Amino acid sequence: EVQLQASGGGLVQAGGSLRLSCGASGLTSENFAIGWFRQAPGKGREGVSCISLNDGSTVYADSVKGRFTTSKDNDKNTVNLQMNSLKPEDTAVYYCAAEWSHCDFIGVEPSEYDYWGQGTQVTVSS
């Protein structure tokens with residue numbers, strides 16, 4: 001059974017940084033893509049980033065390019081999201097999700113992911 005858990009959220013001032021982690025278990029191979037998504041109050045779920053575990057290739061939403069970086073830590077079975085230059089509009093609940101696929105095929109489209117973890121709140125104050 002695939003299980004995911006996002007952690008590392010918190011309150012930060014605009015311009016600051018946060019690092020989220022997604023702990024993953026039950027992944028039967030490296031042929032998985034791990035995506036980060038977010039959902040702000042009253043809005044739909046938005047794709048943020050994707051990393052393919054087999055080759056480390058990444059995809060980012062335009063809204064976070066150049067500010068956010070996703071990476072994998074094989075030793076810890078985690079995928080991280082480093083968020084820099086945070087803006088108030090980055091405020092949301094952040095989720096990680098997994099799918100047996102590659103980022104080239106599914107990108108950051110939420111409907112392509114079957115396995116979801118609990119979210120972590122990120123609040124950016126102005």
# chains A, B, ... in the order shown; residues from 1 in each chain; ligands from 1
>>> residues_around(residues="range 4-18 of chain A", least_positions_apart="2", cutoff="7 Å", atoms="only C-alpha atoms", output="list in words")
Val2, Leu20, Ser21, Cys22, Gly23, Ala24, Ser25, Gln82, Met83, Asn84, Ser85, Leu86, Lys87, Pro88, Tyr95, Cys96, Trp116, Gly117, Gln118, Gly119, Thr120, Gln121, Val122, Thr123, Val124, Ser125 and Ser126 of chain A
>>> write_last_selection(atoms="N, CA, C and O atoms", output="tab-separated table (two decimals), in the first residue's frame")
chain	number	residue	atom	x	y	z
A	2	VAL	N	0.62	2.15	-0.93
A	2	VAL	CA	1.38	3.40	-0.99
A	2	VAL	C	0.86	4.36	0.07
A	2	VAL	O	-0.35	4.59	0.17
A	20	LEU	N	9.53	21.65	2.64
A	20	LEU	CA	8.56	20.59	2.89
A	20	LEU	C	9.18	19.23	2.56
A	20	LEU	O	10.02	19.12	1.68
A	21	SER	N	8.73	18.23	3.28
A	21	SER	CA	9.17	16.86	3.01
A	21	SER	C	7.97	15.95	2.81
A	21	SER	O	6.94	16.14	3.46
A	22	CYS	N	8.12	14.99	1.94
A	22	CYS	CA	7.08	13.98	1.69
A	22	CYS	C	7.70	12.62	1.96
A	22	CYS	O	8.58	12.17	1.21
A	23	GLY	N	7.27	12.01	3.05
A	23	GLY	CA	7.72	10.66	3.35
A	23	GLY	C	6.89	9.65	2.59
A	23	GLY	O	5.66	9.73	2.61
A	24	ALA	N	7.54	8.73	1.91
A	24	ALA	CA	6.83	7.77	1.07
A	24	ALA	C	7.17	6.34	1.48
A	24	ALA	O	8.32	6.03	1.75
A	25	SER	N	6.16	5.50	1.51
A	25	SER	CA	6.37	4.08	1.75
A	25	SER	C	5.45	3.29	0.82
A	25	SER	O	4.45	3.81	0.33
A	82	GLN	N	11.81	22.60	-1.66
A	82	GLN	CA	12.43	23.81	-1.11
A	82	GLN	C	11.74	25.00	-1.72
A	82	GLN	O	11.73	25.17	-2.94
A	83	MET	N	11.16	25.83	-0.86
A	83	MET	CA	10.40	26.99	-1.32
A	83	MET	C	11.10	28.26	-0.87
A	83	MET	O	11.23	28.51	0.34
A	84	ASN	N	11.57	29.03	-1.81
A	84	ASN	CA	12.25	30.29	-1.54
A	84	ASN	C	11.45	31.46	-2.07
A	84	ASN	O	10.54	31.28	-2.89
A	85	SER	N	11.80	32.65	-1.61
A	85	SER	CA	11.12	33.87	-2.08
A	85	SER	C	9.61	33.72	-2.02
A	85	SER	O	8.89	34.04	-2.97
A	86	LEU	N	9.14	33.26	-0.88
A	86	LEU	CA	7.71	32.98	-0.74
A	86	LEU	C	6.88	34.26	-0.80
A	86	LEU	O	7.32	35.33	-0.36
A	87	LYS	N	5.69	34.11	-1.37
A	87	LYS	CA	4.76	35.21	-1.53
A	87	LYS	C	3.47	34.89	-0.79
A	87	LYS	O	3.13	33.72	-0.62
A	88	PRO	N	2.71	35.91	-0.41
A	88	PRO	CA	1.41	35.63	0.25
A	88	PRO	C	0.51	34.72	-0.59
A	88	PRO	O	-0.23	33.90	-0.02
A	95	TYR	N	0.11	19.37	-0.51
A	95	TYR	CA	-0.02	17.92	-0.52
A	95	TYR	C	1.06	17.31	-1.41
A	95	TYR	O	1.46	17.90	-2.41
A	96	CYS	N	1.47	16.11	-1.06
A	96	CYS	CA	2.27	15.34	-2.01
A	96	CYS	C	1.44	14.15	-2.48
A	96	CYS	O	0.55	13.68	-1.78
A	116	TRP	N	-2.47	9.90	-2.51
A	116	TRP	CA	-2.37	11.22	-1.89
A	116	TRP	C	-2.08	11.09	-0.41
A	116	TRP	O	-2.61	10.20	0.26
A	117	GLY	N	-1.28	12.00	0.09
A	117	GLY	CA	-1.02	12.08	1.51
A	117	GLY	C	-1.84	13.19	2.14
A	117	GLY	O	-2.54	13.95	1.46
A	118	GLN	N	-1.75	13.29	3.46
A	118	GLN	CA	-2.36	14.40	4.17
A	118	GLN	C	-1.56	15.66	3.89
A	118	GLN	O	-0.38	15.61	3.59
A	119	GLY	N	-2.19	16.79	3.97
A	119	GLY	CA	-1.53	18.04	3.64
A	119	GLY	C	-0.85	18.69	4.83
A	119	GLY	O	-1.01	18.30	5.98
A	120	THR	N	-0.07	19.71	4.51
A	120	THR	CA	0.58	20.52	5.53
A	120	THR	C	0.35	21.99	5.18
A	120	THR	O	0.46	22.39	4.02
A	121	GLN	N	0.01	22.79	6.19
A	121	GLN	CA	-0.37	24.18	5.96
A	121	GLN	C	0.86	25.05	5.81
A	121	GLN	O	1.78	25.00	6.64
A	122	VAL	N	0.87	25.87	4.76
A	122	VAL	CA	1.89	26.89	4.57
A	122	VAL	C	1.19	28.24	4.54
A	122	VAL	O	0.27	28.45	3.75
A	123	THR	N	1.62	29.14	5.43
A	123	THR	CA	1.04	30.46	5.50
A	123	THR	C	2.15	31.49	5.33
A	123	THR	O	3.12	31.47	6.09
A	124	VAL	N	1.99	32.37	4.34
A	124	VAL	CA	2.99	33.41	4.09
A	124	VAL	C	2.35	34.75	4.39
A	124	VAL	O	1.36	35.14	3.77
A	125	SER	N	2.91	35.44	5.36
A	125	SER	CA	2.36	36.74	5.76
A	125	SER	C	3.04	37.86	4.99
A	125	SER	O	4.22	37.79	4.64
A	126	SER	N	2.27	38.91	4.75
A	126	SER	CA	2.82	40.04	3.97
A	126	SER	C	3.48	41.06	4.87
A	126	SER	O	3.38	41.01	6.09
>>> residues_around(residues="range 39-45 of chain A", least_positions_apart="6", cutoff="9 Å", atoms="only C-alpha atoms", output="JSON, numbers by chain")
{"A": [89, 90, 91, 92, 93, 94, 95, 110]}
>>> closest_residue(among="A:Ser29, A:Asn77, A:Ser101, A:Ser71", to="Gly56 in chain A", atoms="only C-alpha atoms")
A:Ser71
>>> atom_distance(atom1="CA of Glu112 in chain A", atom2="CA of Asp75 in chain A")
26.6 Å
>>> select_by_dssp(residues="chain A", states="helix (DSSP H, G or I)", output="list in words")
Asn74, Asp75, Lys76, Pro88, Glu89, Asp90, Cys103, Asp104, Phe105, Ile106, Pro110, Ser111 and Glu112 of chain A
>>> closest_residue(among="A:Asp73, A:Glu30, A:Glu109, A:Asp114", to="Asn54 in chain A", atoms="only C-alpha atoms")
A:Glu30
>>> residues_around(residues="Gly107 in chain A", least_positions_apart="4", cutoff="10 Å", atoms="only C-alpha atoms", output="JSON, numbers by chain")
{"A": [33, 34, 35, 47, 48, 49, 50, 51, 52, 58, 59, 60, 61, 101, 102, 103, 112, 113]}
>>> select_by_dssp(residues="chain A", states="strand (DSSP E)", output="ChimeraX atom specification")
/A:3-7,10-13,18-25,33-39,46-52,58-60,68-73,78-83,92-99,115-116,120-125
>>> atom_distance(atom1="CA of Leu81 in chain A", atom2="CA of Trp36 in chain A")
7.8 Å
